[in-house]
Amino acid sequence: MEIPRPQTGGRFVRRIADRLAGAPENASRVWEGIQLARHQERPYTLDYIARLCTDFEELHGDRLFGDDPALVCGIGRYHDEPVAIIGQQKGRDTHERTYRNFGMPSPEGYRKAMRVMALAERLEIPLVTLIDTPGAFPGAGAEQRGQGSAISHSIRTMSRLRVPTVAVIIGEGSSGGALAIGVADRVLMLENATYSVISPEGAAAILWRDAGKARLAAAAFRPTAANCYRWGVVDAVVPEPKGGAHRDPDEAARLVDGYLTRALRELRALPSGERRRLRAERFRRLGPFREIPPDAAALAAGRGEPTSARSDLPNA
Amino acid sequence: MEIPRPQTGGRFVRRIADRLAGAPENASRVWEGIQLARHQERPYTLDYIARLCTDFEELHGDRLFGDDPALVCGIGRYHDEPVAIIGQQKGRDTHERTYRNFGMPSPEGYRKAMRVMALAERLEIPLVTLIDTPGAFPGAGAEQRGQGSAISHSIRTMSRLRVPTVAVIIGEGSSGGALAIGVADRVLMLENATYSVISPEGAAAILWRDAGKARLAAAAFRPTAANCYRWGVVDAVVPEPKGGAHRDPDEAARLVDGYLTRALRELRALPSGERRRLRAERFRRLGPFREIPPDAAALAAGRGEPTSARSDLPNA
Amino acid sequence: MNRVNVSIDRLRQLAHRAEHRPARIPADERSCPRCESHYSAEEMRRNFRVCPACGHHFPAGAHDRLDQLAGPGGWTELWPGLRAADPLGFYDLKAYSDRAQDAEAQTGLGEAIVCAELEVRGRPAVAAIMDFAFMGGSMGAVVGEKLARACDHAAGRALPLLIVTASGGARMQEGVLALMQMAKSVIALDGLAEAGQPVIVVLAHPTTGGVWASFASLGDVIYAEPGALIAFSGPRVIEQTTREKLAPDFGKAELQLHNGQVDAVVDRREMPERIARVLGILHRPQRQQPPGAPGPVQWAQEGAGRAARAAQSIPGLSRRLVDRIRPGHDGDGS
Amino acid sequence: MNRVNVSIDRLRQLAHRAEHRPARIPADERSCPRCESHYSAEEMRRNFRVCPACGHHFPAGAHDRLDQLAGPGGWTELWPGLRAADPLGFYDLKAYSDRAQDAEAQTGLGEAIVCAELEVRGRPAVAAIMDFAFMGGSMGAVVGEKLARACDHAAGRALPLLIVTASGGARMQEGVLALMQMAKSVIALDGLAEAGQPVIVVLAHPTTGGVWASFASLGDVIYAEPGALIAFSGPRVIEQTTREKLAPDFGKAELQLHNGQVDAVVDRREMPERIARVLGILHRPQRQQPPGAPGPVQWAQEGAGRAARAAQSIPGLSRRLVDRIRPGHDGDGS
Ligand SMILES: [Zn+2]
Ligand SMILES: [Zn+2]
């Protein structure tokens, strides 16, 4: 059964995506894109919220342990309807960067996010997430307080929602720290944003054993919007103003607004149980693999010995 | 509409309760009961679990911050059916008392309990709670990590369950720290157990401004099983072996077993949505009040001034 | 009206006191404990009982707060006739029944909570406001019942619920039945939750014990007033039990914000604006409940019916207990 | 069978290696790194690859673990034919396709996870066992798909699911599509949750990154092997990023028990007993699914159907990508 691709974004986006996809991808092109995604004048979560919402009330605290300024959560008025918003927030100057922990959330951030997801579910208001993070915070305290379980529970909570959910990758989307708020009905991605399993620096340190090989890693990962669209990871690519979103944040927000409105309109038309089911299907489809014939597989798996030969094991 | 009293416990229990209720209550009688409820040889949660379950697996950790030995949670095999069990655990010797924090749970305890409640709900297995605590732990760290919200969320989580739930007050049931695991379909109470809004010592310190007046406070609260039954707070009084449960823990467990089995059998017969609804009704009925005629009330409320006279307030 | 003539004098007395109370501000409170500025009662009232010089938040009564929130539109009290029973015949240094009566005389309130319908800057809502002056804002069966009715009322009319808390916790004089109000209030709030209406809680000084550990910590949005003590166990209990030396800001609103327990610390003077903003964000055209759907509305009707029957069975204002615990016992009749 | 003759030599080669591998214990592991005792490979195997002297847990392969859990009853592998695609045409120091092929040759495994049906001391279950030896136990699309099928299979047969993890996290060579497997596995697990079947997770050394931050931390019961490193970020990353000096027991199973992240630290030799106990406690007569109920079972059938169609379009064992991303592109045919 072929499940039809969601049509969010329409012809225009697909045109953009195809144009980008057609362009030759070399290391330096991809690297330039990454620099745009990280540009310090690029609009951040709060910049979009200020432009998209006529009113916004930030909510604080996970009701468990603390409040995490790296993950902004709240409720806002969007096109005269309530909406819940969750997004990582980077900082522009040194002080804010420290305060926002460079947009790297701690477990408290994801737990606050889950609280706001539950709120959205209960009040039946759509959820919009804005993804912009180098990853979840790698710190001893964060580990101690269950960074892994915070992320997994956030993924689960978001995947279970019955309200319409849209994720927008506005800048850098790296690792589980990004995906934790990315399990949405529709995933949109800005033209110059990146979405990747790990930052290029991280990958280079591990795969090339040399963090300096980040450009090479970037070229290998090709974490661009065009590729993410081709792979089915995102449903639409949102064009940016010429030269990048930082050249004209208002126009960037206007463009996001258009795609977001369209996505929410489509999603509102679906019955609520249906959204959850389709979302599950969407994510279960992702990731290609091969399947070889069973007899060949059995050989390849190397299982010749009858298991009964192992009856000398102590749990026999 | 008169909602019929649940019949758990049957005629025998009501007889017991009536016998006890008929007895004159004086300070020293009530005080003796409290001493029995706190007797250090009295069977604790783990003593009951060992006798009621043929197999028990303790679960640890709230997946958030830590594990709390003051609140024991796990799954057990009870009459050849799975059951989830949650109960405060006091300690018998100094070492264990310290380890168990005298049966005073921290937020982590209640959050572990909520995890196990969710597990019971998901796997559709009944939940049994065993209440025995002087109260939730009063500590700066516990407050910092949201002792209040841990208790309120535990109450909410338990009240929402669709599986059969039975709470048994086996010893001391004091304050919100006890109620946090007490919002059950059926609440049973051992003959010499106590259930109260605060410990007698705490009440004496506040009301009489003298912690030494605990006997007086006990007499005023009358936190006995008979009274709790009369007030509708518990559904059945479980008789104890002569002289108290500590005289014959095996027999005490056998008596608990009988009542518990009967309660679970009754509850299993109900449709699952019905349990939640009846549980809500049960707790909403508790607590008598008076209602005086509206005109008299209006006078007593002292609202004469027209509120429009207040238009000088800044939010006008 | 011969049913009420027994205690009509008492009522007159109460009404008289209520009219002549000095806007309920004790004289000593007019001087700010923090900056020692002095203000007239009227200045205090106009400034929402916040010190204009240093921002210190003085205690505020339920009626003051309703006036502040509702502004010129005013408010209509709901269920003013609920009064405490005395199921335990409780006596500490004084009989509970006398205590409750004295509290009523002193505060002009029937109980530690006042429910009302109002509009906050044009946003309609149901409000449940606690008053610390009435027996330390303690939660007994009446507080539980009024909260439950407020939830049902809000659910039935598709209105949001505003709660302001100021409480030492459960009302000890009602014993274990007061403890049960924690469950009752949480369950009632959950009914409103199912109706999809938001609950905004404002924590005033102090919010402790069983109130903090039940409905107060379950608001969708939780604001705290500056300097409010928010804790399950009070500082004295903690110091006595654990011999910890607590920091001076223990449990204060500002620290609880840091601890992730509240959404914001909001100055009382900005509270109506802030609440109206949230209600505005969450506002939607009123949703229709499917006809005949079993919902919290039935609760409200049932509850009201029960209460009406109970009220009829009470001769006048006698403090005879409506013993709803023992079926078949329905008062003495008359 | 001319469809497979292209690479039959390669298969023979693999099969030969698999038969002659020395029970998959590298020579240097036979000497305990903690207490320096020496053991024969056979002794090690009989002792579940745990040092009999000091209890040190050596790495164990997926097949070893299946043998340990299943005992003499044996186990039947599920979906052995799934192989990684190379959607990015990824190349670091080596091409991904070569890496995967080498891993298969070295380990005798088709992927970093092996799924099987088995009985643990008489308790039937579906097992999904990761193997760190296959590319660091990393999670790519095949791990995600096998986990999803295992969940569906368990739900359809009303069987519990056992998972053993040993993984460095998401498989970087599959880029952002590997990241998506975190969502896929969590969603699949949730389908099983709705079917009311328990999930037991055993965390082996190491369980880190995207595996710990997805299905591994969502078991109903989570056991950890002694000394296993359990973390989202590894110690090196943390030390480099924050310049914190980590304690030597950072992220270790024993500390994670203290942190409330796992239910118990269980010796591998006791694991079958312990798991069987939990399965025994939770055992119930098999529940019937209402006929025609839309459930996870349909997932399984759909998935299998898709996979079968995909497999048909692949000529032999060539590493041509089943590009399920671009609809309409269904391989080259033959
Ligand atoms: Zn002042
Ligand atoms: Zn050794």
# chains A, B, ... in the order shown; residues from 1 in each chain; ligands from 1
>>> residues_around(residues="stretch 118-125 of chain A", least_positions_apart="5", cutoff="7 Å", atoms="only C-alpha atoms", output="PyMOL selection string")
(chain A and resi 82-84+161-163) or (chain C and resi 193+196-198+220)
>>> residues_near_ligand(ligand="ligand 1", cutoff="10 Å", atoms="only C-alpha atoms and all ligand atoms", output="PDB file with all heavy atoms, in the first residue's frame")
ATOM      1  N   ARG C  30      -1.083  49.053  58.002  1.00  0.00           N
ATOM      2  CA  ARG C  30      -0.968  50.210  57.127  1.00  0.00           C
ATOM      3  C   ARG C  30       0.446  50.743  57.064  1.00  0.00           C
ATOM      4  O   ARG C  30       0.781  51.574  56.246  1.00  0.00           O
ATOM      5  CB  ARG C  30      -1.901  51.322  57.600  1.00  0.00           C
ATOM      6  CG  ARG C  30      -3.324  51.009  57.207  1.00  0.00           C
ATOM      7  CD  ARG C  30      -4.209  52.185  57.476  1.00  0.00           C
ATOM      8  NE  ARG C  30      -5.459  51.750  58.065  1.00  0.00           N
ATOM      9  CZ  ARG C  30      -6.222  52.526  58.822  1.00  0.00           C
ATOM     10  NH1 ARG C  30      -5.855  53.757  59.112  1.00  0.00           N
ATOM     11  NH2 ARG C  30      -7.349  52.042  59.294  1.00  0.00           N
ATOM     12  N   SER C  31       1.264  50.243  57.971  1.00  0.00           N
ATOM     13  CA  SER C  31       2.659  50.653  57.917  1.00  0.00           C
ATOM     14  C   SER C  31       3.442  49.476  57.335  1.00  0.00           C
ATOM     15  O   SER C  31       3.339  48.346  57.804  1.00  0.00           O
ATOM     16  CB  SER C  31       3.117  51.003  59.338  1.00  0.00           C
ATOM     17  OG  SER C  31       4.416  50.558  59.541  1.00  0.00           O
ATOM     18  N   CYS C  32       4.213  49.760  56.278  1.00  0.00           N
ATOM     19  CA  CYS C  32       4.856  48.663  55.548  1.00  0.00           C
ATOM     20  C   CYS C  32       5.943  48.004  56.393  1.00  0.00           C
ATOM     21  O   CYS C  32       6.851  48.684  56.874  1.00  0.00           O
ATOM     22  CB  CYS C  32       5.451  49.186  54.240  1.00  0.00           C
ATOM     23  SG  CYS C  32       6.332  47.902  53.333  1.00  0.00           S
ATOM     24  N   PRO C  33       5.887  46.696  56.579  1.00  0.00           N
ATOM     25  CA  PRO C  33       6.888  46.029  57.425  1.00  0.00           C
ATOM     26  C   PRO C  33       8.270  46.004  56.778  1.00  0.00           C
ATOM     27  O   PRO C  33       9.258  45.774  57.449  1.00  0.00           O
ATOM     28  CB  PRO C  33       6.320  44.616  57.576  1.00  0.00           C
ATOM     29  CG  PRO C  33       5.458  44.420  56.382  1.00  0.00           C
ATOM     30  CD  PRO C  33       4.907  45.762  56.029  1.00  0.00           C
ATOM     31  N   ARG C  34       8.295  46.242  55.484  1.00  0.00           N
ATOM     32  CA  ARG C  34       9.597  46.166  54.827  1.00  0.00           C
ATOM     33  C   ARG C  34      10.274  47.537  54.745  1.00  0.00           C
ATOM     34  O   ARG C  34      11.436  47.683  55.093  1.00  0.00           O
ATOM     35  CB  ARG C  34       9.441  45.576  53.425  1.00  0.00           C
ATOM     36  CG  ARG C  34      10.766  45.016  52.899  1.00  0.00           C
ATOM     37  CD  ARG C  34      10.806  44.998  51.380  1.00  0.00           C
ATOM     38  NE  ARG C  34      10.168  43.811  50.830  1.00  0.00           N
ATOM     39  CZ  ARG C  34       9.868  43.669  49.532  1.00  0.00           C
ATOM     40  NH1 ARG C  34      10.120  44.663  48.684  1.00  0.00           N
ATOM     41  NH2 ARG C  34       9.321  42.575  49.101  1.00  0.00           N
ATOM     42  N   CYS C  35       9.535  48.568  54.307  1.00  0.00           N
ATOM     43  CA  CYS C  35      10.175  49.873  54.122  1.00  0.00           C
ATOM     44  C   CYS C  35       9.661  50.928  55.107  1.00  0.00           C
ATOM     45  O   CYS C  35      10.108  52.063  55.089  1.00  0.00           O
ATOM     46  CB  CYS C  35       9.988  50.368  52.677  1.00  0.00           C
ATOM     47  SG  CYS C  35       8.305  50.917  52.311  1.00  0.00           S
ATOM     48  N   GLU C  36       8.671  50.549  55.955  1.00  0.00           N
ATOM     49  CA  GLU C  36       8.141  51.417  57.001  1.00  0.00           C
ATOM     50  C   GLU C  36       7.430  52.665  56.482  1.00  0.00           C
ATOM     51  O   GLU C  36       7.224  53.614  57.231  1.00  0.00           O
ATOM     52  CB  GLU C  36       9.242  51.780  58.016  1.00  0.00           C
ATOM     53  CG  GLU C  36       9.691  50.510  58.746  1.00  0.00           C
ATOM     54  CD  GLU C  36      10.741  50.778  59.816  1.00  0.00           C
ATOM     55  OE1 GLU C  36      11.134  51.928  59.965  1.00  0.00           O
ATOM     56  OE2 GLU C  36      11.145  49.804  60.477  1.00  0.00           O
ATOM     57  N   SER C  37       7.063  52.662  55.191  1.00  0.00           N
ATOM     58  CA  SER C  37       6.220  53.751  54.691  1.00  0.00           C
ATOM     59  C   SER C  37       4.835  53.636  55.323  1.00  0.00           C
ATOM     60  O   SER C  37       4.431  52.560  55.747  1.00  0.00           O
ATOM     61  CB  SER C  37       6.076  53.683  53.170  1.00  0.00           C
ATOM     62  OG  SER C  37       7.341  53.606  52.568  1.00  0.00           O
ATOM     63  N   HIS C  38       4.121  54.783  55.380  1.00  0.00           N
ATOM     64  CA  HIS C  38       2.762  54.758  55.936  1.00  0.00           C
ATOM     65  C   HIS C  38       1.762  55.141  54.867  1.00  0.00           C
ATOM     66  O   HIS C  38       2.038  56.011  54.038  1.00  0.00           O
ATOM     67  CB  HIS C  38       2.658  55.715  57.124  1.00  0.00           C
ATOM     68  CG  HIS C  38       3.380  55.189  58.320  1.00  0.00           C
ATOM     69  ND1 HIS C  38       2.771  54.451  59.296  1.00  0.00           N
ATOM     70  CD2 HIS C  38       4.678  55.275  58.660  1.00  0.00           C
ATOM     71  CE1 HIS C  38       3.655  54.109  60.201  1.00  0.00           C
ATOM     72  NE2 HIS C  38       4.840  54.605  59.848  1.00  0.00           N
ATOM     73  N   TYR C  39       0.626  54.478  54.895  1.00  0.00           N
ATOM     74  CA  TYR C  39      -0.410  54.753  53.894  1.00  0.00           C
ATOM     75  C   TYR C  39      -1.762  54.753  54.547  1.00  0.00           C
ATOM     76  O   TYR C  39      -1.976  54.053  55.541  1.00  0.00           O
ATOM     77  CB  TYR C  39      -0.382  53.680  52.798  1.00  0.00           C
ATOM     78  CG  TYR C  39       0.961  53.603  52.143  1.00  0.00           C
ATOM     79  CD1 TYR C  39       1.876  52.618  52.521  1.00  0.00           C
ATOM     80  CD2 TYR C  39       1.338  54.557  51.208  1.00  0.00           C
ATOM     81  CE1 TYR C  39       3.125  52.574  51.954  1.00  0.00           C
ATOM     82  CE2 TYR C  39       2.601  54.515  50.643  1.00  0.00           C
ATOM     83  CZ  TYR C  39       3.485  53.527  51.023  1.00  0.00           C
ATOM     84  OH  TYR C  39       4.726  53.495  50.476  1.00  0.00           O
ATOM     85  N   VAL C  50      -0.639  46.761  47.834  1.00  0.00           N
ATOM     86  CA  VAL C  50       0.799  46.588  47.602  1.00  0.00           C
ATOM     87  C   VAL C  50       1.464  47.903  47.971  1.00  0.00           C
ATOM     88  O   VAL C  50       0.974  48.979  47.598  1.00  0.00           O
ATOM     89  CB  VAL C  50       1.079  46.265  46.118  1.00  0.00           C
ATOM     90  CG1 VAL C  50       2.582  46.213  45.845  1.00  0.00           C
ATOM     91  CG2 VAL C  50       0.422  44.946  45.727  1.00  0.00           C
ATOM     92  N   CYS C  51       2.561  47.834  48.705  1.00  0.00           N
ATOM     93  CA  CYS C  51       3.249  49.055  49.125  1.00  0.00           C
ATOM     94  C   CYS C  51       3.763  49.791  47.881  1.00  0.00           C
ATOM     95  O   CYS C  51       4.563  49.244  47.123  1.00  0.00           O
ATOM     96  CB  CYS C  51       4.408  48.720  50.051  1.00  0.00           C
ATOM     97  SG  CYS C  51       5.451  50.139  50.435  1.00  0.00           S
ATOM     98  N   PRO C  52       3.305  51.025  47.656  1.00  0.00           N
ATOM     99  CA  PRO C  52       3.727  51.746  46.455  1.00  0.00           C
ATOM    100  C   PRO C  52       5.227  52.050  46.483  1.00  0.00           C
ATOM    101  O   PRO C  52       5.839  52.224  45.427  1.00  0.00           O
ATOM    102  CB  PRO C  52       2.923  53.056  46.508  1.00  0.00           C
ATOM    103  CG  PRO C  52       1.840  52.826  47.500  1.00  0.00           C
ATOM    104  CD  PRO C  52       2.375  51.821  48.471  1.00  0.00           C
ATOM    105  N   ALA C  53       5.798  52.095  47.668  1.00  0.00           N
ATOM    106  CA  ALA C  53       7.216  52.451  47.761  1.00  0.00           C
ATOM    107  C   ALA C  53       8.127  51.263  47.451  1.00  0.00           C
ATOM    108  O   ALA C  53       9.056  51.369  46.644  1.00  0.00           O
ATOM    109  CB  ALA C  53       7.522  52.998  49.152  1.00  0.00           C
ATOM    110  N   CYS C  54       7.855  50.119  48.063  1.00  0.00           N
ATOM    111  CA  CYS C  54       8.807  49.004  47.929  1.00  0.00           C
ATOM    112  C   CYS C  54       8.205  47.767  47.263  1.00  0.00           C
ATOM    113  O   CYS C  54       8.902  46.787  47.041  1.00  0.00           O
ATOM    114  CB  CYS C  54       9.375  48.632  49.309  1.00  0.00           C
ATOM    115  SG  CYS C  54       8.224  47.697  50.323  1.00  0.00           S
ATOM    116  N   GLY C  55       6.891  47.793  46.973  1.00  0.00           N
ATOM    117  CA  GLY C  55       6.292  46.634  46.305  1.00  0.00           C
ATOM    118  C   GLY C  55       5.930  45.494  47.227  1.00  0.00           C
ATOM    119  O   GLY C  55       5.504  44.429  46.763  1.00  0.00           O
ATOM    120  N   HIS C  56       6.085  45.697  48.542  1.00  0.00           N
ATOM    121  CA  HIS C  56       5.685  44.632  49.470  1.00  0.00           C
ATOM    122  C   HIS C  56       4.201  44.313  49.303  1.00  0.00           C
ATOM    123  O   HIS C  56       3.377  45.216  49.223  1.00  0.00           O
ATOM    124  CB  HIS C  56       5.964  45.067  50.910  1.00  0.00           C
ATOM    125  CG  HIS C  56       5.449  44.110  51.933  1.00  0.00           C
ATOM    126  ND1 HIS C  56       6.055  42.900  52.170  1.00  0.00           N
ATOM    127  CD2 HIS C  56       4.368  44.158  52.763  1.00  0.00           C
ATOM    128  CE1 HIS C  56       5.380  42.250  53.099  1.00  0.00           C
ATOM    129  NE2 HIS C  56       4.358  42.991  53.489  1.00  0.00           N
ATOM    130  N   HIS C  57       3.906  43.025  49.211  1.00  0.00           N
ATOM    131  CA  HIS C  57       2.513  42.611  49.054  1.00  0.00           C
ATOM    132  C   HIS C  57       1.888  42.341  50.410  1.00  0.00           C
ATOM    133  O   HIS C  57       2.286  41.389  51.093  1.00  0.00           O
ATOM    134  CB  HIS C  57       2.429  41.362  48.182  1.00  0.00           C
ATOM    135  CG  HIS C  57       2.530  41.655  46.712  1.00  0.00           C
ATOM    136  ND1 HIS C  57       3.575  42.380  46.171  1.00  0.00           N
ATOM    137  CD2 HIS C  57       1.714  41.341  45.672  1.00  0.00           C
ATOM    138  CE1 HIS C  57       3.399  42.475  44.855  1.00  0.00           C
ATOM    139  NE2 HIS C  57       2.282  41.858  44.522  1.00  0.00           N
ATOM    140  N   PHE C  58       0.928  43.167  50.789  1.00  0.00           N
ATOM    141  CA  PHE C  58       0.187  42.927  52.019  1.00  0.00           C
ATOM    142  C   PHE C  58      -0.841  41.820  51.773  1.00  0.00           C
ATOM    143  O   PHE C  58      -1.217  41.572  50.633  1.00  0.00           O
ATOM    144  CB  PHE C  58      -0.561  44.202  52.445  1.00  0.00           C
ATOM    145  CG  PHE C  58       0.344  45.258  53.002  1.00  0.00           C
ATOM    146  CD1 PHE C  58       1.087  46.074  52.156  1.00  0.00           C
ATOM    147  CD2 PHE C  58       0.453  45.447  54.369  1.00  0.00           C
ATOM    148  CE1 PHE C  58       1.931  47.049  52.665  1.00  0.00           C
ATOM    149  CE2 PHE C  58       1.292  46.416  54.879  1.00  0.00           C
ATOM    150  CZ  PHE C  58       2.032  47.222  54.037  1.00  0.00           C
TER     151      PHE C  58
END
>>> select_by_dssp(residues="stretch 124-180 of chain A", states="helix (DSSP H, G or I)", output="list in words")
Ala140, Gly141, Ala142, Glu143, Gln144, Gln147, Gly148, Ser149, Ala150, Ile151, Ser152, His153, Ser154, Ile155, Arg156, Thr157, Met158, Ser159, Arg160, Ser175, Gly176, Gly177, Ala178 and Leu179 of chain A
>>> write_last_selection(atoms="N, CA, C and O atoms", output="mmCIF file, in the first residue's frame")
data_model
loop_
_atom_site.group_PDB
_atom_site.id
_atom_site.type_symbol
_atom_site.label_atom_id
_atom_site.label_comp_id
_atom_site.auth_asym_id
_atom_site.auth_seq_id
_atom_site.Cartn_x
_atom_site.Cartn_y
_atom_site.Cartn_z
ATOM 1 N N ALA A 140 27.270 16.364 33.070
ATOM 2 C CA ALA A 140 27.123 15.303 34.063
ATOM 3 C C ALA A 140 25.782 15.409 34.790
ATOM 4 O O ALA A 140 25.102 14.402 35.013
ATOM 5 N N GLY A 141 25.391 16.633 35.148
ATOM 6 C CA GLY A 141 24.126 16.818 35.853
ATOM 7 C C GLY A 141 22.946 16.409 34.993
ATOM 8 O O GLY A 141 22.010 15.767 35.466
ATOM 9 N N ALA A 142 23.005 16.804 33.711
ATOM 10 C CA ALA A 142 21.920 16.451 32.791
ATOM 11 C C ALA A 142 21.797 14.932 32.688
ATOM 12 O O ALA A 142 20.697 14.384 32.660
ATOM 13 N N GLU A 143 22.933 14.261 32.644
ATOM 14 C CA GLU A 143 22.905 12.785 32.566
ATOM 15 C C GLU A 143 22.305 12.195 33.830
ATOM 16 O O GLU A 143 21.497 11.271 33.781
ATOM 17 N N GLN A 144 22.723 12.757 34.957
ATOM 18 C CA GLN A 144 22.264 12.267 36.247
ATOM 19 C C GLN A 144 20.744 12.389 36.360
ATOM 20 O O GLN A 144 20.084 11.538 36.945
ATOM 21 N N GLN A 147 18.872 12.646 31.014
ATOM 22 C CA GLN A 147 18.752 13.285 29.703
ATOM 23 C C GLN A 147 18.158 12.313 28.684
ATOM 24 O O GLN A 147 17.294 12.688 27.890
ATOM 25 N N GLY A 148 18.639 11.078 28.723
ATOM 26 C CA GLY A 148 18.144 10.091 27.758
ATOM 27 C C GLY A 148 16.654 9.845 27.924
ATOM 28 O O GLY A 148 15.888 9.859 26.952
ATOM 29 N N SER A 149 16.217 9.656 29.144
ATOM 30 C CA SER A 149 14.807 9.345 29.351
ATOM 31 C C SER A 149 13.952 10.590 29.121
ATOM 32 O O SER A 149 12.798 10.485 28.699
ATOM 33 N N ALA A 150 14.498 11.774 29.358
ATOM 34 C CA ALA A 150 13.746 13.003 29.055
ATOM 35 C C ALA A 150 13.466 13.082 27.559
ATOM 36 O O ALA A 150 12.352 13.394 27.135
ATOM 37 N N ILE A 151 14.470 12.773 26.749
ATOM 38 C CA ILE A 151 14.292 12.846 25.296
ATOM 39 C C ILE A 151 13.323 11.764 24.813
ATOM 40 O O ILE A 151 12.405 12.031 24.041
ATOM 41 N N SER A 152 13.514 10.545 25.299
ATOM 42 C CA SER A 152 12.641 9.469 24.813
ATOM 43 C C SER A 152 11.191 9.720 25.212
ATOM 44 O O SER A 152 10.276 9.476 24.434
ATOM 45 N N HIS A 153 10.997 10.217 26.415
ATOM 46 C CA HIS A 153 9.619 10.492 26.842
ATOM 47 C C HIS A 153 9.025 11.655 26.053
ATOM 48 O O HIS A 153 7.831 11.683 25.788
ATOM 49 N N SER A 154 9.869 12.612 25.693
ATOM 50 C CA SER A 154 9.368 13.733 24.898
ATOM 51 C C SER A 154 8.940 13.245 23.514
ATOM 52 O O SER A 154 7.888 13.636 22.999
ATOM 53 N N ILE A 155 9.760 12.385 22.930
ATOM 54 C CA ILE A 155 9.389 11.800 21.634
ATOM 55 C C ILE A 155 8.055 11.071 21.753
ATOM 56 O O ILE A 155 7.150 11.229 20.940
ATOM 57 N N ARG A 156 7.927 10.273 22.804
ATOM 58 C CA ARG A 156 6.713 9.490 22.973
ATOM 59 C C ARG A 156 5.498 10.389 23.202
ATOM 60 O O ARG A 156 4.445 10.195 22.586
ATOM 61 N N THR A 157 5.675 11.377 24.079
ATOM 62 C CA THR A 157 4.550 12.278 24.370
ATOM 63 C C THR A 157 4.091 12.979 23.105
ATOM 64 O O THR A 157 2.899 13.071 22.816
ATOM 65 N N MET A 158 5.057 13.466 22.331
ATOM 66 C CA MET A 158 4.689 14.210 21.124
ATOM 67 C C MET A 158 4.039 13.292 20.090
ATOM 68 O O MET A 158 3.086 13.688 19.416
ATOM 69 N N SER A 159 4.539 12.066 20.007
ATOM 70 C CA SER A 159 3.990 11.158 18.992
ATOM 71 C C SER A 159 2.565 10.728 19.339
ATOM 72 O O SER A 159 1.819 10.287 18.481
ATOM 73 N N ARG A 160 2.203 10.856 20.615
ATOM 74 C CA ARG A 160 0.868 10.418 21.042
ATOM 75 C C ARG A 160 -0.203 11.491 20.898
ATOM 76 O O ARG A 160 -1.387 11.193 21.064
ATOM 77 N N SER A 175 20.806 16.039 16.292
ATOM 78 C CA SER A 175 20.723 14.920 17.241
ATOM 79 C C SER A 175 19.364 14.782 17.914
ATOM 80 O O SER A 175 18.408 15.495 17.594
ATOM 81 N N GLY A 176 19.295 13.856 18.838
ATOM 82 C CA GLY A 176 18.070 13.607 19.564
ATOM 83 C C GLY A 176 17.533 14.830 20.274
ATOM 84 O O GLY A 176 16.332 14.926 20.537
ATOM 85 N N GLY A 177 18.408 15.759 20.582
ATOM 86 C CA GLY A 177 17.989 17.003 21.203
ATOM 87 C C GLY A 177 17.069 17.813 20.322
ATOM 88 O O GLY A 177 16.256 18.613 20.806
ATOM 89 N N ALA A 178 17.181 17.625 19.005
ATOM 90 C CA ALA A 178 16.275 18.280 18.061
ATOM 91 C C ALA A 178 15.025 17.430 17.856
ATOM 92 O O ALA A 178 13.897 17.917 17.943
ATOM 93 N N LEU A 179 15.234 16.141 17.625
ATOM 94 C CA LEU A 179 14.112 15.236 17.341
ATOM 95 C C LEU A 179 13.117 15.182 18.494
ATOM 96 O O LEU A 179 11.917 14.941 18.270
#
>>> select_by_dssp(residues="stretch 58-307 of chain A", states="strand (DSSP E or B)", output="ChimeraX atom specification")
/A:58-59,71-78,81-88,127-133,165-174,186-190,194-196,224,236-238,289-291
>>> closest_residue(among="A:Ala193, A:Gly273, A:Pro239, A:Pro138", to="chain D", atoms="only C-alpha atoms")
A:Pro138
>>> atom_distance(atom1="atom CA of D:Ile238", atom2="atom CA of A:Phe102")
14.9 Å
>>> atom_distance(atom1="atom CA of B:Cys228", atom2="atom CA of B:Tyr195")
7.3 Å
>>> atom_distance(atom1="atom CA of D:Arg65", atom2="atom CA of D:Glu273")
13.6 Å
>>> residues_around(residues="stretch 148-165 of chain D", least_positions_apart="2", cutoff="7 Å", atoms="only C-alpha atoms", output="ChimeraX atom specification")
/D:115,124-130,144-146,167,185,188-189,192,195,197-204,207,216,286,296-297,299-300
